[in-house]
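Q: Take a look at this one; I'll ask things after.
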Amino acid sequence: MHGLGVAACAAATAMAAASTAAKNQALLALARRLREASPALQAANRLDLDAARAAGLEAPMVDRLKLNDKIIATVAEGCEQLAAMPDPVGEITQVKRRPSGISVGQMRVPLGVFGMIFESRPNVTIEAASLAIKSGNACILRGGSEAIHSNLALAGIVAAALQEAGLPAAAVQLLRTVDRAAVGLLITMPEFVDVIIPRGGKGLIERISREARVPVIKHLDGNCHSYVDAEVDLELALRVVDNAKTQKYSPCNATESLLVHAAQGAAFLPRIGALFAAKGVEMRGCPRSLALLGPLPGARLVAARESDWSEEYLAPVISIKLVDSLDEAIAHINRYGSHHTDAILTTNHVNAMRFLREVDSSSVMVNASTRFADGFEYGLGAEIGISTDKFHARGPVGLEGLTSLKWIVLGQGELRQ
């Protein structure tokens with residue numbers, strides 16, 4: 001781990017000084033090599049999938065583990081999108097002339113070295129690597145043992161792309177051991193690592209947050225809400241809520257809790273309930289919502305417990321509550337939500353603006369699926385993760401989230417009086 005840290009620091013110095021052209025060349029080479037290696041990558045991924053199923057991993061975990069043509073094409077496109085984006089490094093802003101004659105401003109610079117600890121999704125290896133390259137950082141990656149074959153194959157492609165562009169291969173290093181002790185060392189090396197980014201289950205992130213001796217960018221869980229307001233386009237709301245919950249169950253931006261204004265309960269709940277029932281989604285409702293939902297053929301209706309309002313299911317399960325006002329909806333979300341992503345479905349502009357202002361989450365949406373809370377969908381090229389913290393990054397963490405600002409002073413011999 002000491003050797004990795006030394007190499008990462010040296011690489012970070014080189015990456016901070018690298019030209020935009022060299023970084024873009026590495027990203028384009030990475031995209032090309034990913035597409036060319038798709039069959040080999042999927043062969044390595046099958047080893048991980050077979051082992052995961054044999055070990056009895058739960059279906060959402062296996063789903064997150066998959067590398068297929070679509071996922072590989074998406075991460076390759078993310079690399080190309082990043083290459084086309086402006087380079088944030090070296091950008092100077094807010095320059096103001098002071099009465100003393102000096103000009104004071106801020107310059108955007110890389111963080112240095114970040115450590116990334118993640119579970120399951122091997123595509124995170126490429127997202128982290130591509131963002132590190134474009135933002136001029138170095139990174140040390142530690143994927144889950146369940147994805148070791150996939151991650152090793154991907155790391156080899158990243159190293160080759162960096163070398164093709166004349167950049168240090170050590171700018172992106174993957175821990176080749178699955179020993180948990182390596183994580184304990186990585187998060188306690190402030191002399192080498194500037195920030196730790198955990199991406200995985202709540203247990204992993206709680207452990208990292210508790211034991212780390214370097215700053216952590218994190219979110220613990222994704223209890224996302226969709227709220228159907230009193231004034232709403234019902235057809236739009238049905239499409240959006242269905243997508244927010246059922247388009248994919250395992251991501252952290254899937255809706256886990258549905259709030260419906262009582263004025264729309266009778267019109268909306270039986271219809272969304274029928275959609276959920278047809279897809280095998282279990283509905284855990286408050287007494288009033290259950291009365292409006294049932295009986296539905298084939299529906300799995302369960303009385304919600306207090307714990308359901310805070311639950312991240314990552315599965316075909318949703319909690320449903322009837323509320324009597326926008327105030328009640330906002331209060332419920334701020335109390336039980338995880339400050340990740342929450343959406344309002346409404347035709348009332350005033351209510352939409354109140355929801356945007358008052359819901360204390362990293363992404364707040366109007367008439368859109370919570371599934372859009374994603375760096376790629378936000379045009380960030382890729383994301384290193386979602387932050388529900390308020391410092392120093394919030395929401396999907398892309399290029400700017402991997403940089404910081406330092407003050408610069410431009411003078412012509414001015415002296416402090």
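Labeling convention for the structure tokens: chains A, B, ... as they appear, residues from 1 per chain, ligands from 1 in order of appearance.
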Using only C-alpha atoms, what does the table of stretch 109-178 of chain A residues within 8 Å of stretch 197-219 of chain A look like, with each row giving the shortest atom pair and its distance in Å to one decimal, sorted by chain and ascending number, as JSON lines?
A:
{"residue": "A:Phe114", "atom": "CA", "partner": "A:Ile197", "partner_atom": "CA", "distance": 7.2}
{"residue": "A:Gly115", "atom": "CA", "partner": "A:Ile197", "partner_atom": "CA", "distance": 6.1}
{"residue": "A:Met116", "atom": "CA", "partner": "A:Ile197", "partner_atom": "CA", "distance": 4.8}
{"residue": "A:Ile117", "atom": "CA", "partner": "A:Pro198", "partner_atom": "CA", "distance": 4.7}
{"residue": "A:Phe118", "atom": "CA", "partner": "A:Arg199", "partner_atom": "CA", "distance": 4.5}
{"residue": "A:Glu119", "atom": "CA", "partner": "A:Gly200", "partner_atom": "CA", "distance": 5.1}
{"residue": "A:Ser120", "atom": "CA", "partner": "A:Gly200", "partner_atom": "CA", "distance": 7.7}
Q: Fewer than 4 positions away in the same chain doesn't count, so skip those; otherwise give me all residues within 10 Å of A:Leu167, counting only C-alpha atoms, as a list in words.
A: Ala11, Ala14, Met15, Ala18, Ser19, Ala22, Lys23, Gln25, Ala26, Ile133, Ala159, Ala160, Ala161, Leu162, Gln163 and Ala171 of chain A
Q: How would the residues just chosen look if you wrote them out with N, CA, C and O atoms as a PDB file, in the first residue's frame?
A:
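What ended up in out.pdb:
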ATOM      1  N   ALA A  11       2.358  10.168  -9.851  1.00  0.00           N
ATOM      2  CA  ALA A  11       1.490  10.258 -11.020  1.00  0.00           C
ATOM      3  C   ALA A  11       0.587  11.486 -10.939  1.00  0.00           C
ATOM      4  O   ALA A  11       0.306  12.138 -11.959  1.00  0.00           O
ATOM      5  N   ALA A  14       2.324  14.515 -12.224  1.00  0.00           N
ATOM      6  CA  ALA A  14       2.379  14.522 -13.682  1.00  0.00           C
ATOM      7  C   ALA A  14       1.025  14.817 -14.302  1.00  0.00           C
ATOM      8  O   ALA A  14       0.922  15.561 -15.292  1.00  0.00           O
ATOM      9  N   MET A  15      -0.032  14.263 -13.719  1.00  0.00           N
ATOM     10  CA  MET A  15      -1.373  14.476 -14.272  1.00  0.00           C
ATOM     11  C   MET A  15      -1.820  15.929 -14.115  1.00  0.00           C
ATOM     12  O   MET A  15      -2.502  16.481 -14.980  1.00  0.00           O
ATOM     13  N   ALA A  18      -0.364  17.740 -16.940  1.00  0.00           N
ATOM     14  CA  ALA A  18      -0.624  17.192 -18.272  1.00  0.00           C
ATOM     15  C   ALA A  18      -1.466  18.153 -19.106  1.00  0.00           C
ATOM     16  O   ALA A  18      -2.334  18.866 -18.589  1.00  0.00           O
ATOM     17  N   SER A  19      -1.217  18.164 -20.399  1.00  0.00           N
ATOM     18  CA  SER A  19      -1.989  19.022 -21.300  1.00  0.00           C
ATOM     19  C   SER A  19      -3.389  18.456 -21.497  1.00  0.00           C
ATOM     20  O   SER A  19      -3.625  17.252 -21.357  1.00  0.00           O
ATOM     21  N   ALA A  22      -3.314  15.732 -24.184  1.00  0.00           N
ATOM     22  CA  ALA A  22      -2.867  14.406 -23.757  1.00  0.00           C
ATOM     23  C   ALA A  22      -3.960  13.684 -22.990  1.00  0.00           C
ATOM     24  O   ALA A  22      -4.185  12.476 -23.185  1.00  0.00           O
ATOM     25  N   LYS A  23      -4.668  14.412 -22.129  1.00  0.00           N
ATOM     26  CA  LYS A  23      -5.743  13.786 -21.358  1.00  0.00           C
ATOM     27  C   LYS A  23      -6.877  13.333 -22.285  1.00  0.00           C
ATOM     28  O   LYS A  23      -7.431  12.236 -22.130  1.00  0.00           O
ATOM     29  N   GLN A  25      -6.561  12.578 -25.435  1.00  0.00           N
ATOM     30  CA  GLN A  25      -6.062  11.445 -26.217  1.00  0.00           C
ATOM     31  C   GLN A  25      -6.218  10.144 -25.435  1.00  0.00           C
ATOM     32  O   GLN A  25      -6.621   9.117 -25.987  1.00  0.00           O
ATOM     33  N   ALA A  26      -5.910  10.189 -24.137  1.00  0.00           N
ATOM     34  CA  ALA A  26      -6.048   9.003 -23.299  1.00  0.00           C
ATOM     35  C   ALA A  26      -7.505   8.559 -23.217  1.00  0.00           C
ATOM     36  O   ALA A  26      -7.811   7.359 -23.274  1.00  0.00           O
ATOM     37  N   ILE A 133      -8.629  10.974 -15.090  1.00  0.00           N
ATOM     38  CA  ILE A 133      -7.790  11.431 -16.201  1.00  0.00           C
ATOM     39  C   ILE A 133      -8.126  12.870 -16.578  1.00  0.00           C
ATOM     40  O   ILE A 133      -7.254  13.733 -16.644  1.00  0.00           O
ATOM     41  N   ALA A 159      -4.643   1.229 -18.273  1.00  0.00           N
ATOM     42  CA  ALA A 159      -3.184   1.418 -18.265  1.00  0.00           C
ATOM     43  C   ALA A 159      -2.646   1.563 -19.683  1.00  0.00           C
ATOM     44  O   ALA A 159      -1.796   2.427 -19.957  1.00  0.00           O
ATOM     45  N   ALA A 160      -3.150   0.732 -20.592  1.00  0.00           N
ATOM     46  CA  ALA A 160      -2.692   0.797 -21.979  1.00  0.00           C
ATOM     47  C   ALA A 160      -3.069   2.133 -22.618  1.00  0.00           C
ATOM     48  O   ALA A 160      -2.279   2.726 -23.375  1.00  0.00           O
ATOM     49  N   ALA A 161      -4.274   2.632 -22.326  1.00  0.00           N
ATOM     50  CA  ALA A 161      -4.714   3.911 -22.889  1.00  0.00           C
ATOM     51  C   ALA A 161      -3.873   5.070 -22.357  1.00  0.00           C
ATOM     52  O   ALA A 161      -3.516   5.992 -23.110  1.00  0.00           O
ATOM     53  N   LEU A 162      -3.555   5.045 -21.079  1.00  0.00           N
ATOM     54  CA  LEU A 162      -2.706   6.093 -20.499  1.00  0.00           C
ATOM     55  C   LEU A 162      -1.326   6.094 -21.145  1.00  0.00           C
ATOM     56  O   LEU A 162      -0.783   7.153 -21.514  1.00  0.00           O
ATOM     57  N   GLN A 163      -0.746   4.922 -21.288  1.00  0.00           N
ATOM     58  CA  GLN A 163       0.587   4.830 -21.888  1.00  0.00           C
ATOM     59  C   GLN A 163       0.568   5.268 -23.341  1.00  0.00           C
ATOM     60  O   GLN A 163       1.510   5.908 -23.826  1.00  0.00           O
ATOM     61  N   ALA A 171      -1.342   6.509 -12.860  1.00  0.00           N
ATOM     62  CA  ALA A 171      -2.396   7.486 -12.570  1.00  0.00           C
ATOM     63  C   ALA A 171      -3.690   6.792 -12.166  1.00  0.00           C
ATOM     64  O   ALA A 171      -4.512   7.376 -11.454  1.00  0.00           O
TER      65      ALA A 171
END
Q: Taking a cut-off of 12 Å and counting only C-alpha atoms, can you build a table that, for each residue of stretch 85-198 of chain A near stretch 375-378 of chain A, reports the nearest atom pair and how far apart they are in Å (one decimal), sorted by chain then residue number, as JSON lines?
A:
{"residue": "A:Val124", "atom": "CA", "partner": "A:Gly375", "partner_atom": "CA", "distance": 11.9}
{"residue": "A:Glu127", "atom": "CA", "partner": "A:Phe376", "partner_atom": "CA", "distance": 9.7}
{"residue": "A:Ala128", "atom": "CA", "partner": "A:Gly375", "partner_atom": "CA", "distance": 11.7}
{"residue": "A:Leu131", "atom": "CA", "partner": "A:Gly375", "partner_atom": "CA", "distance": 10.9}
Q: Output the selection as a PDB file, in the first residue's frame - C-alpha atoms for each residue.
A:
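After the write, part14.pdb holds the following:
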ATOM      1  CA  VAL A 124     -17.349   2.144 -11.941  1.00  0.00           C
ATOM      2  CA  GLU A 127     -16.088   5.972 -14.665  1.00  0.00           C
ATOM      3  CA  ALA A 128     -13.520   6.604 -11.925  1.00  0.00           C
ATOM      4  CA  LEU A 131     -12.880  11.252 -14.437  1.00  0.00           C
TER       5      LEU A 131
END
Q: From a backbone DSSP assignment, name each residue in stretch 133-346 of chain A labelled helix (DSSP H, G or I), as an MDAnalysis selection string.
A: chainID A and resid 133:134 145:164 169:171 180:186 202:211 234:246 262:278 287:293 306:310 326:336
Q: Per residue of stretch 358-387 of chain A within 10 Å of stretch 235-241 of chain A, what are the shortest atom pair and its distance in Å to one decimal, counting only C-alpha atoms, with rows by chain and residue number, as a Markdown table?
A:
| residue | atom | partner | partner_atom | distance |
| --- | --- | --- | --- | --- |
| A:Asn367 | CA | A:Val240 | CA | 7.3 |
| A:Ala368 | CA | A:Val240 | CA | 6.2 |
| A:Ser369 | CA | A:Val240 | CA | 5.3 |
| A:Thr370 | CA | A:Val241 | CA | 8.6 |
| A:Arg371 | CA | A:Val240 | CA | 9.6 |
Q: Keeping only all heavy atoms, write the selected residues to a file as an mmCIF file, in the first residue's frame.
A:
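Done, and the output landed in out-v4.cif:
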data_model
loop_
_atom_site.group_PDB
_atom_site.id
_atom_site.type_symbol
_atom_site.label_atom_id
_atom_site.label_comp_id
_atom_site.auth_asym_id
_atom_site.auth_seq_id
_atom_site.Cartn_x
_atom_site.Cartn_y
_atom_site.Cartn_z
ATOM 1 N N ASN A 367 -41.644 16.943 -12.403
ATOM 2 C CA ASN A 367 -42.196 16.212 -13.546
ATOM 3 C C ASN A 367 -41.146 15.398 -14.299
ATOM 4 O O ASN A 367 -41.117 15.375 -15.536
ATOM 5 C CB ASN A 367 -42.916 17.182 -14.505
ATOM 6 C CG ASN A 367 -44.135 17.800 -13.874
ATOM 7 O OD1 ASN A 367 -44.795 17.200 -13.029
ATOM 8 N ND2 ASN A 367 -44.450 19.035 -14.266
ATOM 9 N N ALA A 368 -40.271 14.741 -13.559
ATOM 10 C CA ALA A 368 -39.245 13.890 -14.164
ATOM 11 C C ALA A 368 -38.973 12.701 -13.251
ATOM 12 O O ALA A 368 -39.161 12.770 -12.034
ATOM 13 C CB ALA A 368 -37.955 14.676 -14.403
ATOM 14 N N SER A 369 -38.506 11.620 -13.848
ATOM 15 C CA SER A 369 -38.202 10.403 -13.103
ATOM 16 C C SER A 369 -36.940 10.574 -12.269
ATOM 17 O O SER A 369 -35.933 11.114 -12.748
ATOM 18 C CB SER A 369 -38.012 9.244 -14.092
ATOM 19 O OG SER A 369 -37.464 8.113 -13.465
ATOM 20 N N THR A 370 -36.985 10.079 -11.042
ATOM 21 C CA THR A 370 -35.790 10.139 -10.189
ATOM 22 C C THR A 370 -34.628 9.363 -10.799
ATOM 23 O O THR A 370 -33.472 9.586 -10.423
ATOM 24 C CB THR A 370 -36.084 9.566 -8.785
ATOM 25 O OG1 THR A 370 -36.537 8.200 -8.903
ATOM 26 C CG2 THR A 370 -37.139 10.390 -8.070
ATOM 27 N N ARG A 371 -34.895 8.466 -11.743
ATOM 28 C CA ARG A 371 -33.836 7.687 -12.386
ATOM 29 C C ARG A 371 -32.876 8.562 -13.188
ATOM 30 O O ARG A 371 -31.809 8.100 -13.602
ATOM 31 C CB ARG A 371 -34.456 6.616 -13.282
ATOM 32 C CG ARG A 371 -35.080 5.469 -12.532
ATOM 33 C CD ARG A 371 -34.019 4.512 -11.963
ATOM 34 N NE ARG A 371 -33.405 3.758 -13.049
ATOM 35 C CZ ARG A 371 -32.138 3.839 -13.419
ATOM 36 N NH1 ARG A 371 -31.307 4.643 -12.774
ATOM 37 N NH2 ARG A 371 -31.678 3.125 -14.419
#
Q: List every residue of stretch 181-227 of chain A that has an atom at most 6 Å from any atom of stretch 341-346 of chain A, giving for each one its closest atom pair and the distance in Å to one decimal, counting only C-alpha atoms, sorted by chain and then by ascending residue number, as JSON lines.
A:
{"residue": "A:Cys224", "atom": "CA", "partner": "A:Thr341", "partner_atom": "CA", "distance": 5.2}
{"residue": "A:His225", "atom": "CA", "partner": "A:Asp342", "partner_atom": "CA", "distance": 4.7}
{"residue": "A:Ser226", "atom": "CA", "partner": "A:Ala343", "partner_atom": "CA", "distance": 4.8}
{"residue": "A:Tyr227", "atom": "CA", "partner": "A:Ile344", "partner_atom": "CA", "distance": 4.8}
Q: For those residues, write N, CA and C atoms to a file as an mmCIF file, in the first residue's frame.
A:
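Result file part_15.cif:
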data_model
loop_
_atom_site.group_PDB
_atom_site.id
_atom_site.type_symbol
_atom_site.label_atom_id
_atom_site.label_comp_id
_atom_site.auth_asym_id
_atom_site.auth_seq_id
_atom_site.Cartn_x
_atom_site.Cartn_y
_atom_site.Cartn_z
ATOM 1 N N CYS A 224 -35.403 7.474 -2.271
ATOM 2 C CA CYS A 224 -35.901 8.546 -3.129
ATOM 3 C C CYS A 224 -37.437 8.534 -3.171
ATOM 4 N N HIS A 225 -38.015 9.734 -3.276
ATOM 5 C CA HIS A 225 -39.472 9.891 -3.264
ATOM 6 C C HIS A 225 -39.990 10.467 -4.574
ATOM 7 N N SER A 226 -41.189 10.027 -4.954
ATOM 8 C CA SER A 226 -41.984 10.707 -5.977
ATOM 9 C C SER A 226 -43.290 11.145 -5.312
ATOM 10 N N TYR A 227 -43.615 12.429 -5.454
ATOM 11 C CA TYR A 227 -44.826 12.982 -4.834
ATOM 12 C C TYR A 227 -45.791 13.439 -5.914
#
Q: For stretch 294-310 of chain A, work out the shell of residues within 8 Å, counting only C-alpha atoms and skipping chain neighbours fewer than 3 positions away, then give it as an MDAnalysis selection string.
A: chainID A and resid 223 257 270 273:274 276:278 280:287 290:291 319:320 336:338
Q: Since we have the selection now, will you write its residues out, keeping N, CA and C atoms, as a PDB file, in the first residue's frame?
A:
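The file below, part-v8.pdb, is the result:
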ATOM      1  N   ASN A 223     -33.043   6.597  -0.452  1.00  0.00           N
ATOM      2  CA  ASN A 223     -34.488   6.504  -0.238  1.00  0.00           C
ATOM      3  C   ASN A 223     -35.136   7.675  -0.971  1.00  0.00           C
ATOM      4  N   SER A 257     -40.277   5.384  -2.384  1.00  0.00           N
ATOM      5  CA  SER A 257     -41.457   5.794  -1.629  1.00  0.00           C
ATOM      6  C   SER A 257     -42.309   6.711  -2.491  1.00  0.00           C
ATOM      7  N   PRO A 270     -55.394   3.469  -7.754  1.00  0.00           N
ATOM      8  CA  PRO A 270     -55.772   2.209  -8.407  1.00  0.00           C
ATOM      9  C   PRO A 270     -55.049   1.991  -9.731  1.00  0.00           C
ATOM     10  N   GLY A 273     -51.365   1.306  -8.985  1.00  0.00           N
ATOM     11  CA  GLY A 273     -51.351  -0.002  -8.337  1.00  0.00           C
ATOM     12  C   GLY A 273     -51.471  -1.130  -9.337  1.00  0.00           C
ATOM     13  N   ALA A 274     -52.307  -0.943 -10.369  1.00  0.00           N
ATOM     14  CA  ALA A 274     -52.460  -1.969 -11.402  1.00  0.00           C
ATOM     15  C   ALA A 274     -51.157  -2.154 -12.177  1.00  0.00           C
ATOM     16  N   PHE A 276     -48.096  -1.533 -11.011  1.00  0.00           N
ATOM     17  CA  PHE A 276     -47.152  -2.202 -10.119  1.00  0.00           C
ATOM     18  C   PHE A 276     -47.502  -3.687  -9.960  1.00  0.00           C
ATOM     19  N   ALA A 277     -48.784  -3.993  -9.823  1.00  0.00           N
ATOM     20  CA  ALA A 277     -49.202  -5.387  -9.641  1.00  0.00           C
ATOM     21  C   ALA A 277     -48.800  -6.235 -10.842  1.00  0.00           C
ATOM     22  N   ALA A 278     -48.954  -5.673 -12.043  1.00  0.00           N
ATOM     23  CA  ALA A 278     -48.613  -6.411 -13.259  1.00  0.00           C
ATOM     24  C   ALA A 278     -47.121  -6.725 -13.338  1.00  0.00           C
ATOM     25  N   GLY A 280     -45.246  -7.199 -10.534  1.00  0.00           N
ATOM     26  CA  GLY A 280     -44.845  -7.915  -9.337  1.00  0.00           C
ATOM     27  C   GLY A 280     -44.252  -7.054  -8.250  1.00  0.00           C
ATOM     28  N   VAL A 281     -44.596  -5.776  -8.231  1.00  0.00           N
ATOM     29  CA  VAL A 281     -44.068  -4.864  -7.207  1.00  0.00           C
ATOM     30  C   VAL A 281     -44.924  -4.949  -5.951  1.00  0.00           C
ATOM     31  N   GLU A 282     -44.313  -5.236  -4.828  1.00  0.00           N
ATOM     32  CA  GLU A 282     -45.015  -5.261  -3.551  1.00  0.00           C
ATOM     33  C   GLU A 282     -45.247  -3.836  -3.074  1.00  0.00           C
ATOM     34  N   MET A 283     -46.486  -3.534  -2.646  1.00  0.00           N
ATOM     35  CA  MET A 283     -46.842  -2.194  -2.197  1.00  0.00           C
ATOM     36  C   MET A 283     -47.098  -2.200  -0.698  1.00  0.00           C
ATOM     37  N   ARG A 284     -46.307  -1.440   0.038  1.00  0.00           N
ATOM     38  CA  ARG A 284     -46.447  -1.338   1.487  1.00  0.00           C
ATOM     39  C   ARG A 284     -47.068   0.020   1.803  1.00  0.00           C
ATOM     40  N   GLY A 285     -48.364   0.017   2.098  1.00  0.00           N
ATOM     41  CA  GLY A 285     -49.083   1.269   2.184  1.00  0.00           C
ATOM     42  C   GLY A 285     -49.593   1.619   3.561  1.00  0.00           C
ATOM     43  N   CYS A 286     -49.896   2.913   3.720  1.00  0.00           N
ATOM     44  CA  CYS A 286     -50.593   3.383   4.909  1.00  0.00           C
ATOM     45  C   CYS A 286     -52.043   2.910   4.826  1.00  0.00           C
ATOM     46  N   PRO A 287     -52.812   2.945   5.910  1.00  0.00           N
ATOM     47  CA  PRO A 287     -54.188   2.446   5.867  1.00  0.00           C
ATOM     48  C   PRO A 287     -55.049   3.102   4.793  1.00  0.00           C
ATOM     49  N   LEU A 290     -53.996   1.844   1.263  1.00  0.00           N
ATOM     50  CA  LEU A 290     -54.398   0.458   1.040  1.00  0.00           C
ATOM     51  C   LEU A 290     -55.894   0.358   0.749  1.00  0.00           C
ATOM     52  N   ALA A 291     -56.691   1.196   1.403  1.00  0.00           N
ATOM     53  CA  ALA A 291     -58.138   1.178   1.161  1.00  0.00           C
ATOM     54  C   ALA A 291     -58.466   1.565  -0.272  1.00  0.00           C
ATOM     55  N   SER A 319     -42.982   1.804  -0.809  1.00  0.00           N
ATOM     56  CA  SER A 319     -43.882   2.273   0.256  1.00  0.00           C
ATOM     57  C   SER A 319     -44.776   3.364  -0.319  1.00  0.00           C
ATOM     58  N   ILE A 320     -46.030   3.411   0.139  1.00  0.00           N
ATOM     59  CA  ILE A 320     -47.012   4.351  -0.410  1.00  0.00           C
ATOM     60  C   ILE A 320     -47.762   5.018   0.744  1.00  0.00           C
ATOM     61  N   TYR A 336     -37.824  11.491   6.492  1.00  0.00           N
ATOM     62  CA  TYR A 336     -37.532  10.079   6.228  1.00  0.00           C
ATOM     63  C   TYR A 336     -36.584   9.853   5.049  1.00  0.00           C
ATOM     64  N   GLY A 337     -36.427  10.833   4.190  1.00  0.00           N
ATOM     65  CA  GLY A 337     -35.586  10.654   3.006  1.00  0.00           C
ATOM     66  C   GLY A 337     -34.111  10.622   3.347  1.00  0.00           C
ATOM     67  N   SER A 338     -33.320  10.265   2.343  1.00  0.00           N
ATOM     68  CA  SER A 338     -31.865  10.172   2.533  1.00  0.00           C
ATOM     69  C   SER A 338     -31.142  11.344   1.881  1.00  0.00           C
TER      70      SER A 338
END
Q: Looking at A:Gly143, A:Gly166, A:Gly78, A:Gly3, which one is nearest to A:Gly398, with distances taken over only C-alpha atoms?
A: A:Gly78
